[in-house]
>>> print(open('data.txt').read())   # compact mmCIF, C-alpha atoms
# COMPACT_ATOMS: atom_id res chain seq x y z
CA MET A 24 44.48 21.71 -32.97
CA ILE A 25 47.61 22.80 -34.87
CA GLU A 26 48.71 19.17 -35.24
CA ASP A 27 45.25 18.17 -36.55
CA LYS A 28 45.22 21.11 -38.96
CA GLN A 29 48.67 20.16 -40.28
CA ARG A 30 47.72 16.47 -40.58
CA TRP A 31 44.58 17.29 -42.59
CA ASN A 32 46.40 19.83 -44.77
CA GLU A 33 48.98 17.15 -45.61
CA ARG A 34 46.24 14.62 -46.28
CA TYR A 35 44.57 16.93 -48.82
CA LEU A 36 47.95 17.53 -50.48
CA ASP A 37 49.01 13.86 -50.59
CA ASN A 38 45.78 11.94 -51.29
CA PRO A 39 43.32 12.25 -54.14
CA MET A 40 39.98 13.52 -52.91
CA PRO A 41 36.67 13.18 -54.75
CA GLN A 42 35.79 16.26 -56.78
CA GLU A 43 32.25 15.35 -57.83
CA VAL A 44 29.24 15.79 -55.57
CA SER A 45 28.54 12.74 -53.43
CA PRO A 46 26.11 10.44 -55.28
CA LEU A 47 24.13 10.11 -52.02
CA VAL A 48 23.61 13.88 -51.79
CA GLU A 49 22.74 14.20 -55.46
CA LYS A 50 20.26 11.32 -55.38
CA TYR A 51 18.36 12.38 -52.25
CA ILE A 52 18.56 16.19 -52.39
CA GLU A 53 14.87 16.50 -53.31
CA HIS A 54 14.00 15.45 -49.76
CA ALA A 55 15.51 18.66 -48.35
CA HIS A 56 13.89 22.08 -48.34
CA VAL A 57 16.21 24.75 -49.76
CA GLY A 58 17.36 26.88 -46.86
CA GLN A 59 20.21 26.77 -44.35
CA ALA A 60 22.66 23.86 -44.74
CA ILE A 61 25.91 22.74 -43.17
CA ASP A 62 28.57 20.62 -44.85
CA ILE A 63 30.54 19.03 -42.00
CA ALA A 64 34.21 18.33 -42.84
CA CYS A 65 33.51 19.92 -46.22
CA GLY A 66 37.00 19.42 -47.60
CA THR A 67 37.50 21.30 -50.85
CA GLY A 68 33.77 21.91 -51.22
CA ARG A 69 32.43 19.31 -53.61
CA ASN A 70 29.10 19.07 -51.74
CA THR A 71 29.17 22.70 -50.58
CA HIS A 72 29.35 24.00 -54.16
CA TYR A 73 26.52 21.71 -55.27
CA LEU A 74 24.26 22.89 -52.43
CA ALA A 75 25.09 26.56 -53.01
CA ASP A 76 24.29 26.16 -56.71
CA LEU A 77 20.86 24.83 -55.70
CA GLY A 78 20.20 27.93 -53.58
CA PHE A 79 21.16 26.73 -50.10
CA LEU A 80 23.00 29.04 -47.71
CA VAL A 81 25.86 26.75 -46.69
CA ASP A 82 28.07 26.71 -43.62
CA ALA A 83 31.17 24.93 -44.96
CA ILE A 84 33.24 23.75 -42.00
CA ASP A 85 36.65 22.08 -41.96
CA ILE A 86 39.85 22.17 -39.92
CA SER A 87 42.02 22.29 -43.05
CA ASP A 88 42.73 25.85 -44.18
CA TYR A 89 44.29 24.33 -47.31
CA ALA A 90 40.93 22.70 -48.17
CA LEU A 91 38.86 25.76 -47.25
CA GLU A 92 40.97 27.92 -49.58
CA ARG A 93 39.64 25.74 -52.41
CA VAL A 94 36.01 26.37 -51.46
CA LYS A 95 34.56 29.07 -53.72
CA ASN A 96 34.12 32.54 -52.29
CA SER A 97 30.40 33.18 -52.50
CA SER A 98 27.74 35.17 -50.67
CA THR A 99 25.90 31.87 -50.12
CA ILE A 100 28.87 30.04 -48.57
CA ASN A 101 30.09 30.74 -45.04
CA LYS A 102 33.54 29.17 -44.61
CA ILE A 103 34.26 28.09 -41.04
CA ASP A 104 37.81 27.12 -40.09
CA ALA A 105 37.25 25.12 -36.91
CA ASP A 106 38.35 22.08 -34.96
CA LEU A 107 35.35 19.74 -35.18
CA ASP A 108 36.38 18.14 -31.88
CA LYS A 109 35.42 21.44 -30.21
CA TYR A 110 32.82 22.96 -32.55
CA ASN A 111 29.15 22.76 -31.52
CA LEU A 112 26.17 22.72 -33.85
CA THR A 113 23.53 25.38 -33.21
CA PRO A 114 20.17 23.85 -32.23
CA ASN A 115 17.24 24.22 -34.64
CA LYS A 116 19.33 25.97 -37.32
CA TYR A 117 19.59 23.68 -40.34
CA ASP A 118 17.25 22.51 -43.07
CA LEU A 119 20.02 20.16 -44.24
CA ILE A 120 23.05 18.58 -42.61
CA VAL A 121 25.57 16.85 -44.90
CA ASN A 122 28.33 14.68 -43.42
CA VAL A 123 30.32 12.57 -45.90
CA ASN A 124 33.46 10.52 -45.17
CA TYR A 125 33.90 11.85 -41.64
CA LEU A 126 32.90 10.61 -38.19
CA ASN A 127 32.79 12.59 -34.98
CA ARG A 128 30.39 10.92 -32.57
CA ARG A 129 30.17 14.08 -30.46
CA LEU A 130 28.70 15.92 -33.46
CA VAL A 131 26.47 13.00 -34.44
CA SER A 132 24.72 13.33 -31.10
CA GLN A 133 24.10 17.05 -31.82
CA MET A 134 22.74 16.63 -35.35
CA LYS A 135 19.14 15.76 -34.46
CA ASP A 136 18.87 18.91 -32.32
CA ALA A 137 20.54 21.06 -35.00
CA LEU A 138 17.87 20.17 -37.56
CA LYS A 139 14.80 22.34 -37.96
CA SER A 140 11.44 20.57 -38.12
CA GLY A 141 11.37 18.95 -41.57
CA GLY A 142 15.16 19.11 -41.79
CA VAL A 143 17.15 16.32 -43.40
CA VAL A 144 20.45 14.70 -42.48
CA MET A 145 22.56 13.05 -45.19
CA PHE A 146 25.33 11.02 -43.60
CA GLU A 147 27.80 8.58 -45.15
CA THR A 148 31.06 7.25 -43.77
CA PHE A 149 33.23 4.20 -43.26
CA ILE A 150 32.52 1.03 -41.24
CA VAL A 151 34.99 -1.19 -39.42
CA ALA A 152 35.93 -3.91 -41.91
CA HIS A 153 37.79 -7.18 -41.76
CA GLY A 154 39.46 -9.29 -44.41
CA ASP A 155 40.50 -7.75 -47.71
CA PHE A 156 38.91 -4.36 -47.06
CA LYS A 157 40.85 -1.11 -46.78
CA MET A 158 40.09 1.01 -43.74
CA PRO A 159 40.95 4.73 -43.96
CA THR A 160 42.31 4.59 -40.41
CA THR A 161 43.22 2.03 -37.78
CA ASN A 162 41.73 4.29 -35.11
CA LEU A 163 38.35 2.67 -34.43
CA ASP A 164 37.05 5.96 -32.97
CA TYR A 165 36.67 7.17 -36.57
CA LEU A 166 34.91 4.09 -37.94
CA LEU A 167 31.29 3.07 -37.49
CA ARG A 168 30.23 -0.30 -36.14
CA LYS A 169 27.56 -2.37 -37.89
CA ASN A 170 24.14 -0.62 -37.66
CA GLU A 171 25.59 2.19 -35.51
CA LEU A 172 24.60 4.91 -37.96
CA LEU A 173 21.01 3.66 -38.08
CA HIS A 174 20.79 3.58 -34.28
CA SER A 175 22.29 7.08 -34.04
CA PHE A 176 19.28 8.58 -35.80
CA ILE A 177 16.47 6.77 -34.01
CA GLY A 178 13.60 9.22 -33.65
CA LEU A 179 13.99 10.59 -37.17
CA ASP A 180 12.03 9.34 -40.17
CA VAL A 181 14.54 7.16 -42.05
CA ILE A 182 14.16 7.61 -45.80
CA TYR A 183 17.11 5.45 -46.79
CA TYR A 184 19.71 3.32 -44.99
CA GLU A 185 22.36 1.01 -46.36
CA GLU A 186 25.61 -0.67 -45.38
CA ARG A 187 27.53 -1.74 -48.48
CA ILE A 188 30.83 -2.64 -50.07
CA ASP A 189 32.26 0.12 -52.27
CA THR A 190 35.61 1.11 -53.76
CA ASN A 191 37.65 4.23 -53.01
CA LEU A 192 39.49 6.41 -55.55
CA ARG A 193 42.47 4.04 -55.43
CA GLY A 194 40.25 1.04 -56.30
CA GLU A 195 40.46 -0.46 -52.80
CA ARG A 196 37.43 -2.24 -51.34
CA ILE A 197 35.84 -0.40 -48.41
CA LYS A 198 32.70 -0.74 -46.29
CA VAL A 199 30.39 2.26 -46.06
CA ALA A 200 27.17 3.12 -44.21
CA SER A 201 24.71 5.73 -45.53
CA ILE A 202 21.56 7.26 -44.09
CA ILE A 203 19.03 9.86 -45.18
CA ALA A 204 16.67 10.84 -42.38
CA LYS A 205 14.16 13.62 -41.73
CA LYS A 206 13.15 15.33 -38.51
CA VAL A 207 9.34 15.29 -38.31
>>> encode(input="data.txt", output="structure tokens")
Amino acid sequence: MIEDKQRWNERYLDNPMPQEVSPLVEKYIEHAHVGQAIDIACGTGRNTHYLADLGFLVDAIDISDYALERVKNSSTINKIDADLDKYNLTPNKYDLIVNVNYLNRRLVSQMKDALKSGGVVMFETFIVAHGDFKMPTTNLDYLLRKNELLHSFIGLDVIYYEERIDTNLRGERIKVASIIAKKV
């Protein structure tokens, strides 16, 4: 865990990270009931702060203590410094689960159970790409396969799903998958 924490701390120091709320979260937030939320791999809190400002009680979880120090101190934000390879989501706890630019298949399998009835998952991350696309890692364990995200949330009511070409902060072409789904 110490090596992972150090690696992520260095990544936040060395690489520009988005500061604005994820467009996916902002666009589809009206589908979620204000209540208990979790921002998985929250980073410096761009989505956490947005949710808290809307009235959500947010569990902001990340392994990077450097990133968590940049999350606002607030009575509506619960900062959790944890290794996501070992952390477990509490069943039937969340009205909203946000997971942007991070993939941990072990947690993906827990997300449906962690949602309350009517709860929404907002998930967006990178897909394996070939050709002139930039991949954030060469470790395929951290990249989705085509249609994998859609198949991961079978059983939920899919509001939106897309696999698309996008650009990162450095202007590099990347492939991304996004889903908004509700537990009914």
>>> atom_distance(input="data.txt", atom1="atom CA of A:His174", atom2="atom CA of A:Asp136")
15.6 Å
>>> atom_distance(input="data.txt", atom1="atom CA of A:Thr67", atom2="atom CA of A:Gly141")
27.8 Å
>>> closest_residue(input="data.txt", among="A:Asn96, A:Leu166, A:Leu192, A:Met134", to="A:Gly178", atoms="only C-alpha atoms")
A:Met134
>>> residues_around(input="data.txt", residues="A:Lys109", least_positions_apart="5", cutoff="12 Å", atoms="only C-alpha atoms", output="JSON list (two decimals) with C-alpha atoms, in the coordinates of the input")
[["chain", "number", "residue", "atom", "x", "y", "z"],
["A", 24, "MET", "CA", 44.48, 21.71, -32.97],
["A", 85, "ASP", "CA", 36.65, 22.08, -41.96],
["A", 86, "ILE", "CA", 39.85, 22.17, -39.92],
["A", 104, "ASP", "CA", 37.81, 27.12, -40.09],
["A", 127, "ASN", "CA", 32.79, 12.59, -34.98],
["A", 128, "ARG", "CA", 30.39, 10.92, -32.57],
["A", 129, "ARG", "CA", 30.17, 14.08, -30.46],
["A", 130, "LEU", "CA", 28.70, 15.92, -33.46]]
>>> closest_residue(input="data.txt", among="A:Ser140, A:Thr160, A:Gln29, A:Asn122", to="A:Ile202", atoms="all atoms listed in the file")
A:Asn122
>>> residues_around(input="data.txt", residues="A:Asp27", least_positions_apart="4", cutoff="12 Å", atoms="only C-alpha atoms", output="PyMOL selection string")
chain A and resi 31-34+85-88+105-108
>>> atom_distance(input="data.txt", atom1="atom CA of A:Val44", atom2="atom CA of A:Glu195")
19.9 Å
>>> residues_around(input="data.txt", residues="A:Ile177", least_positions_apart="4", cutoff="12 Å", atoms="all atoms listed in the file", output="short mmCIF file (atom, residue, chain, number, x, y, z; two decimals) with C-alpha atoms, keeping the file's coordinate frame")
data_model
loop_
_atom_site.label_atom_id
_atom_site.label_comp_id
_atom_site.auth_asym_id
_atom_site.auth_seq_id
_atom_site.Cartn_x
_atom_site.Cartn_y
_atom_site.Cartn_z
CA VAL A 131 26.47 13.00 -34.44
CA SER A 132 24.72 13.33 -31.10
CA MET A 134 22.74 16.63 -35.35
CA LYS A 135 19.14 15.76 -34.46
CA ASN A 170 24.14 -0.62 -37.66
CA GLU A 171 25.59 2.19 -35.51
CA LEU A 172 24.60 4.91 -37.96
CA LEU A 173 21.01 3.66 -38.08
CA VAL A 181 14.54 7.16 -42.05
CA TYR A 184 19.71 3.32 -44.99
CA ILE A 202 21.56 7.26 -44.09
CA ILE A 203 19.03 9.86 -45.18
CA ALA A 204 16.67 10.84 -42.38
CA LYS A 205 14.16 13.62 -41.73
CA LYS A 206 13.15 15.33 -38.51
CA VAL A 207 9.34 15.29 -38.31
#
>>> closest_residue(input="data.txt", among="A:Leu179, A:Val57, A:Val94, A:Leu138", to="A:His72", atoms="all atoms listed in the file")
A:Val94
>>> closest_residue(input="data.txt", among="A:Ile100, A:Leu47, A:Ala137, A:Ile188", to="A:Thr113", atoms="all atoms listed in the file")
A:Ala137
